[in-house]
file protein37.pdb (PDB, C-alpha atoms)
ATOM      1  CA  GLN A1442      39.086  35.630 -17.514
ATOM      2  CA  GLY A1443      37.170  37.905 -15.109
ATOM      3  CA  THR A1444      34.164  38.094 -17.437
ATOM      4  CA  THR A1445      34.105  34.291 -17.813
ATOM      5  CA  ASN A1446      34.140  33.822 -14.020
ATOM      6  CA  GLU A1447      31.375  36.393 -13.592
ATOM      7  CA  SER A1448      29.165  34.686 -16.203
ATOM      8  CA  ASN A1449      29.849  31.284 -14.543
ATOM      9  CA  ILE A1450      28.828  32.681 -11.148
ATOM     10  CA  LYS A1451      25.677  34.193 -12.681
ATOM     11  CA  GLY A1452      24.931  30.897 -14.435
ATOM     12  CA  ASN A1453      25.348  28.929 -11.198
ATOM     13  CA  LYS A1454      23.173  31.395  -9.314
ATOM     14  CA  GLY A1455      20.495  31.136 -12.012
ATOM     15  CA  ALA A1456      20.618  27.323 -11.831
ATOM     16  CA  GLU A1457      20.318  27.427  -8.016
ATOM     17  CA  GLU A1458      17.330  29.780  -8.232
ATOM     18  CA  THR A1459      15.683  27.479 -10.797
ATOM     19  CA  GLU A1460      16.189  24.455  -8.518
ATOM     20  CA  LEU A1461      14.738  26.344  -5.523
ATOM     21  CA  LEU A1462      11.799  27.398  -7.671
ATOM     22  CA  LEU A1463      11.163  23.793  -8.746
ATOM     23  CA  GLU A1464      11.516  22.516  -5.169
ATOM     24  CA  ASN A1465       8.962  25.044  -3.951
ATOM     25  CA  LEU A1466       6.642  24.118  -6.816
ATOM     26  CA  HIS A1467       6.894  20.392  -6.059
ATOM     27  CA  ASP A1468       6.206  21.073  -2.357
ATOM     28  CA  GLN A1469       3.039  22.941  -3.337
ATOM     29  CA  ILE A1470       1.944  20.106  -5.650
ATOM     30  CA  THR A1471       2.488  17.534  -2.857
ATOM     31  CA  ARG A1472       0.598  19.680  -0.333
ATOM     32  CA  LEU A1473      -2.400  20.241  -2.620
ATOM     33  CA  THR A1474      -2.691  16.637  -3.764
ATOM     34  CA  GLN A1475      -2.398  15.448  -0.148
ATOM     35  CA  GLN A1476      -5.091  17.964   0.813
ATOM     36  CA  LEU A1477      -7.358  16.676  -1.958
ATOM     37  CA  THR A1478      -6.824  13.035  -0.940
ATOM     38  CA  GLU A1479      -7.500  13.757   2.728
ATOM     39  CA  LEU A1480     -10.708  15.542   1.752
ATOM     40  CA  GLU A1481     -11.834  12.523  -0.272
ATOM     41  CA  GLU A1482     -10.934  10.124   2.533
ATOM     42  CA  ASP A1483     -12.641  12.140   5.291
ATOM     43  CA  LYS A1484     -15.454  13.263   3.017
ATOM     44  CA  LEU A1485     -18.528  13.626   5.214
ATOM     45  CA  ASP A1486     -17.041  11.997   8.352
ATOM     46  CA  ILE A1487     -15.862  15.317   9.782
ATOM     47  CA  LEU A1488     -17.182  17.927   7.355
ATOM     48  CA  SER A1489     -20.740  18.650   6.334
ATOM     49  CA  GLU A1490     -21.558  18.218   2.630
ATOM     50  CA  GLU A1491     -21.429  21.998   2.128
ATOM     51  CA  GLU A1492     -18.050  22.313   3.916
ATOM     52  CA  TYR A1493     -16.637  19.405   1.899
ATOM     53  CA  LYS A1494     -17.757  20.943  -1.432
ATOM     54  CA  GLU A1495     -16.366  24.342  -0.453
ATOM     55  CA  ALA A1496     -13.015  22.898   0.692
ATOM     56  CA  LYS A1497     -12.704  20.811  -2.477
ATOM     57  CA  GLU A1498     -13.520  23.793  -4.717
ATOM     58  CA  ASP A1499     -10.910  25.906  -2.885
ATOM     59  CA  THR A1500      -8.249  23.197  -3.310
ATOM     60  CA  LEU A1501      -9.039  22.729  -7.004
ATOM     61  CA  GLU A1502      -8.906  26.498  -7.498
ATOM     62  CA  GLU A1503      -5.436  26.530  -5.870
ATOM     63  CA  ILE A1504      -4.343  23.740  -8.232
ATOM     64  CA  GLU A1505      -5.671  25.718 -11.236
ATOM     65  CA  GLU A1506      -3.761  28.774  -9.978
ATOM     66  CA  LEU A1507      -0.613  26.662  -9.713
ATOM     67  CA  LYS A1508      -1.136  25.417 -13.295
ATOM     68  CA  ARG A1509      -1.368  29.039 -14.484
ATOM     69  CA  THR A1510       1.832  29.863 -12.556
ATOM     70  CA  ILE A1511       3.631  26.947 -14.230
ATOM     71  CA  GLU A1512       2.495  28.184 -17.652
ATOM     72  CA  LYS A1513       3.865  31.682 -16.946
ATOM     73  CA  MET A1514       7.144  30.251 -15.649
ATOM     74  CA  LYS A1515       7.547  28.161 -18.810
ATOM     75  CA  LEU A1516       7.061  31.241 -20.983
ATOM     76  CA  GLY A1517       9.673  33.202 -19.081
ATOM     77  CA  ASN A1518      12.355  30.539 -18.743
ATOM     78  CA  LEU A1519      13.225  28.123 -21.553
ATOM     79  CA  THR A1520      15.318  25.868 -19.288
ATOM     80  CA  LEU A1521      12.191  25.201 -17.233
ATOM     81  CA  VAL A1522      10.016  24.037 -20.149
ATOM     82  CA  SER A1523      11.032  20.354 -20.055
ATOM     83  CA  LYS A1524      11.258  20.246 -16.270
ATOM     84  CA  LEU A1525       7.830  21.774 -15.784
ATOM     85  CA  GLY A1526       6.072  19.686 -18.433
ATOM     86  CA  ALA A1527       5.699  16.713 -16.059
ATOM     87  CA  ALA A1528       4.575  18.966 -13.192
ATOM     88  CA  GLN A1529       1.921  20.516 -15.425
ATOM     89  CA  LEU A1530       0.676  17.101 -16.559
ATOM     90  CA  ALA A1531       0.572  15.898 -12.952
ATOM     91  CA  MET A1532      -1.616  18.868 -12.031
ATOM     92  CA  GLN A1533      -3.974  18.230 -14.968
ATOM     93  CA  LEU A1534      -4.302  14.562 -14.027
ATOM     94  CA  THR A1535      -5.072  15.547 -10.424
ATOM     95  CA  VAL A1536      -7.750  18.069 -11.415
ATOM     96  CA  SER A1537      -9.349  15.596 -13.818
ATOM     97  CA  ASN A1538      -9.446  13.079 -10.925
ATOM     98  CA  ALA A1539      -7.461  10.553 -13.008
ATOM     99  CA  PHE A1540      -4.674  10.375 -10.393
ATOM    100  CA  LYS A1541      -5.520  10.032  -6.710
ATOM    101  CA  THR A1542      -2.245   9.041  -4.950
ATOM    102  CA  PRO A1543      -0.189  12.029  -3.692
ATOM    103  CA  GLU A1544       3.090  10.074  -3.560
ATOM    104  CA  ILE A1545       2.757   8.976  -7.211
ATOM    105  CA  ILE A1546       1.657  12.461  -8.330
ATOM    106  CA  GLY A1547       4.710  13.904  -6.536
ATOM    107  CA  LEU A1548       7.149  11.465  -8.174
ATOM    108  CA  PHE A1549       5.573  12.113 -11.575
ATOM    109  CA  ALA A1550       5.757  15.894 -11.100
ATOM    110  CA  LYS A1551       9.452  15.582 -10.225
ATOM    111  CA  SER A1552      10.098  13.317 -13.260
ATOM    112  CA  GLN A1553      11.470  10.387 -11.228
ATOM    113  CA  PRO A1554      10.944   7.198 -13.296
ATOM    114  CA  LYS A1555      13.333   5.089 -11.172
ATOM    115  CA  ALA A1556      11.447   5.959  -7.990
ATOM    116  CA  LEU A1557       8.162   5.135  -9.762
ATOM    117  CA  ARG A1558       9.554   1.731 -10.786
ATOM    118  CA  SER A1559      10.622   1.106  -7.165
ATOM    119  CA  LYS A1560       7.127   2.031  -5.998
ATOM    120  CA  LEU A1561       5.683  -0.450  -8.525
ATOM    121  CA  GLU A1562       7.832  -3.258  -7.064
ATOM    122  CA  GLU A1563       6.859  -2.193  -3.544
ATOM    123  CA  LEU A1564       3.160  -2.411  -4.459
ATOM    124  CA  SER A1565       3.587  -6.014  -5.660
ATOM    125  CA  ARG A1566       5.295  -6.933  -2.366
ATOM    126  CA  GLU A1567       2.605  -5.183  -0.313
ATOM    127  CA  LEU A1568      -0.139  -7.063  -2.189
ATOM    128  CA  LYS A1569       1.569 -10.429  -1.617
ATOM    129  CA  LEU A1570       1.932  -9.645   2.103
ATOM    130  CA  GLY A1571      -1.732  -8.658   2.268
ATOM    131  CA  ASN A1572      -0.937  -5.097   3.388
ATOM    132  CA  ILE A1573      -3.034  -3.570   0.589
ATOM    133  CA  ASP A1574      -6.143  -4.775  -1.212
ATOM    134  CA  LYS A1575      -6.369  -5.604  -4.941
ATOM    135  CA  MET A1576      -8.305  -2.430  -5.736
ATOM    136  CA  THR A1577      -5.634  -0.151  -4.209
ATOM    137  CA  HIS A1578      -2.898  -2.155  -5.960
ATOM    138  CA  GLN A1579      -4.664  -1.837  -9.317
ATOM    139  CA  GLN A1580      -5.407   1.893  -8.989
ATOM    140  CA  GLN A1581      -1.839   2.793  -7.996
ATOM    141  CA  THR A1582      -0.264   0.436 -10.573
ATOM    142  CA  ILE A1583      -2.284   2.123 -13.343
ATOM    143  CA  GLU A1584      -1.241   5.583 -12.099
ATOM    144  CA  ILE A1585       2.442   4.565 -12.070
ATOM    145  CA  LEU A1586       2.296   2.982 -15.541
ATOM    146  CA  MET A1587       0.537   6.042 -16.975
ATOM    147  CA  ALA A1588       3.081   8.358 -15.311
ATOM    148  CA  LEU A1589       5.979   6.295 -16.716
ATOM    149  CA  GLN A1590       4.402   6.388 -20.179
ATOM    150  CA  LYS A1591       3.985  10.185 -19.991
ATOM    151  CA  LEU A1592       7.639  10.506 -18.952
ATOM    152  CA  GLY A1593       8.621   8.675 -22.139
ATOM    153  CA  GLU A1594       9.648   5.451 -20.374
ATOM    154  CA  GLU A1595       9.266   2.166 -22.241
ATOM    155  CA  LEU A1596       6.592  -0.191 -20.904
ATOM    156  CA  SER A1597       6.550  -3.952 -21.430
ATOM    157  CA  GLU A1598       3.788  -5.421 -23.617
ATOM    158  CA  ARG A1599       2.186  -6.816 -20.479
ATOM    159  CA  GLU A1600       2.222  -3.389 -18.808
ATOM    160  CA  VAL A1601       0.770  -1.673 -21.898
ATOM    161  CA  GLN A1602      -2.030  -4.258 -22.007
ATOM    162  CA  PHE A1603      -2.702  -3.903 -18.263
ATOM    163  CA  LEU A1604      -2.936  -0.126 -18.636
ATOM    164  CA  LYS A1605      -5.214  -0.389 -21.662
ATOM    165  CA  ASN A1606      -7.565  -2.859 -19.942
ATOM    166  CA  ASN A1607      -7.804  -1.107 -16.584
ATOM    167  CA  MET A1608      -7.792   2.643 -17.317
ATOM    168  CA  SER A1609     -10.480   4.543 -15.437
ATOM    169  CA  ASP A1610     -13.038   6.672 -17.318
ATOM    170  CA  GLU A1611     -11.256   9.819 -16.044
ATOM    171  CA  MET A1612      -7.951   8.584 -17.489
ATOM    172  CA  LYS A1613      -9.550   7.743 -20.851
ATOM    173  CA  LYS A1614     -11.162  11.195 -21.018
ATOM    174  CA  PHE A1615      -7.820  12.811 -20.184
ATOM    175  CA  GLU A1616      -6.056  10.761 -22.897
ATOM    176  CA  ASN A1617      -8.672  11.766 -25.485
ATOM    177  CA  VAL A1618      -8.408  15.481 -24.607
ATOM    178  CA  GLU A1619      -4.602  15.320 -24.658
ATOM    179  CA  ASN A1620      -4.571  13.555 -28.046
ATOM    180  CA  VAL A1621      -6.846  16.260 -29.494
ATOM    181  CA  GLN A1622      -4.528  18.967 -28.097
ATOM    182  CA  VAL A1623      -1.444  17.255 -29.589
ATOM    183  CA  GLN A1624      -3.172  16.961 -32.990
ATOM    184  CA  GLN A1625      -4.201  20.635 -32.845
ATOM    185  CA  LYS A1626      -0.621  21.682 -32.040
ATOM    186  CA  ALA A1627       0.632  19.658 -35.033
ATOM    187  CA  VAL A1628      -1.937  21.346 -37.291
ATOM    188  CA  ASP A1629      -0.979  24.812 -35.962
ATOM    189  CA  MET A1630       2.732  24.085 -36.513
ATOM    190  CA  ALA A1631       2.066  22.884 -40.062
ATOM    191  CA  LYS A1632       0.027  26.029 -40.801
ATOM    192  CA  ALA A1633       2.795  28.213 -39.386
ATOM    193  CA  LYS A1634       5.383  26.471 -41.576
ATOM    194  CA  LEU A1635       3.230  26.871 -44.686
ATOM    195  CA  GLY A1636       2.653  30.517 -43.844
ATOM    196  CA  SER A1637       6.368  31.230 -43.473
ATOM    197  CA  SER A1638       7.392  29.381 -46.666
TER
END
call {"tool": "encode", "arguments": {"input": "protein37.pdb", "output": "structure tokens"}}
result
Amino acid sequence: QGTTNESNIKGNKGAEETELLLENLHDQITRLTQQLTELEEDKLDILSEEEYKEAKEDTLEEIEELKRTIEKMKLGNLTLVSKLGAAQLAMQLTVSNAFKTPEIIGLFAKSQPKALRSKLEELSRELKLGNIDKMTHQQQTIEILMALQKLGEELSEREVQFLKNNMSDEMKKFENVENVQVQQKAVDMAKAKLGSS
């Protein structure tokens, strides 16, 4: 009985530590993506071209460092693999400049499809009310649809078509690279199986 209680306490403590770790990670992702967006928005209004380039390089380097941290965490903790997959993808999409909206990147990193769907509905309302322009609506709608797709959520035929027709060049490049990586992993797994048989 005592041993069971002790292992339960340890298990709960481990789960709490994992959640704190993920929360901290998501906070860092939000901060860095916000930083990147603010840099793009301010661009040369406040900073000189040299300062802007330097600040952007520093932020991207921090994001790369965070990606490496995520990779190490995944290797050391199997329960984190699925939870960190979305966070890792969100970072890659940010670095490749395919995603530009911090709120959407944050929801994607935290694997929150329901919140992304709510944001999609909110965007439609905002467009109808004239609070956002068509370009902003399109960019953020594409980001949400791509995030939902990456999280394994089912898209309607209309949504799939919209995504296909309006993907940015950065998104297409990212998709191509990711497809190559997936194919390579499948080849490696097949080789490993053949080698062990």
call {"tool": "resolve_selection", "arguments": {"input": "protein37.pdb", "expression": "the PyMOL selection byres ((chain A and resi 1473-1476) around 12)", "output": "count of residues only"}}
result
46
call {"tool": "closest_residue", "arguments": {"input": "protein37.pdb", "among": "A:Leu1557, A:Leu1530, A:Ile1511, A:Leu1568", "to": "Glu1594 (chain A)", "atoms": "only C-alpha atoms"}}
result
A:Leu1557
call {"tool": "atom_distance", "arguments": {"input": "protein37.pdb", "atom1": "CA of Leu1592 (chain A)", "atom2": "CA of Gln1553 (chain A)"}}
result
8.6 Å
call {"tool": "closest_residue", "arguments": {"input": "protein37.pdb", "among": "A:Lys1605, A:Gln1580, A:Glu1490, A:Arg1599", "to": "Ala1539 (chain A)", "atoms": "all atoms listed in the file"}}
result
A:Gln1580
call {"tool": "closest_residue", "arguments": {"input": "protein37.pdb", "among": "A:Leu1570, A:Leu1461, A:Leu1488, A:Ala1527", "to": "Gln1590 (chain A)", "atoms": "only C-alpha atoms"}}
result
A:Ala1527
call {"tool": "residues_around", "arguments": {"input": "protein37.pdb", "residues": "Gly1593 (chain A)", "least_positions_apart": "2", "cutoff": "12 Å", "atoms": "all atoms listed in the file", "output": "ChimeraX atom specification"}}
result
/A:1526-1527,1549,1552-1554,1586-1591,1595-1596
call {"tool": "atom_distance", "arguments": {"input": "protein37.pdb", "atom1": "CA of Glu1567 (chain A)", "atom2": "CA of Lys1613 (chain A)"}}
result
27.1 Å
call {"tool": "atom_distance", "arguments": {"input": "protein37.pdb", "atom1": "CA of Glu1457 (chain A)", "atom2": "CA of Glu1512 (chain A)"}}
result
20.3 Å
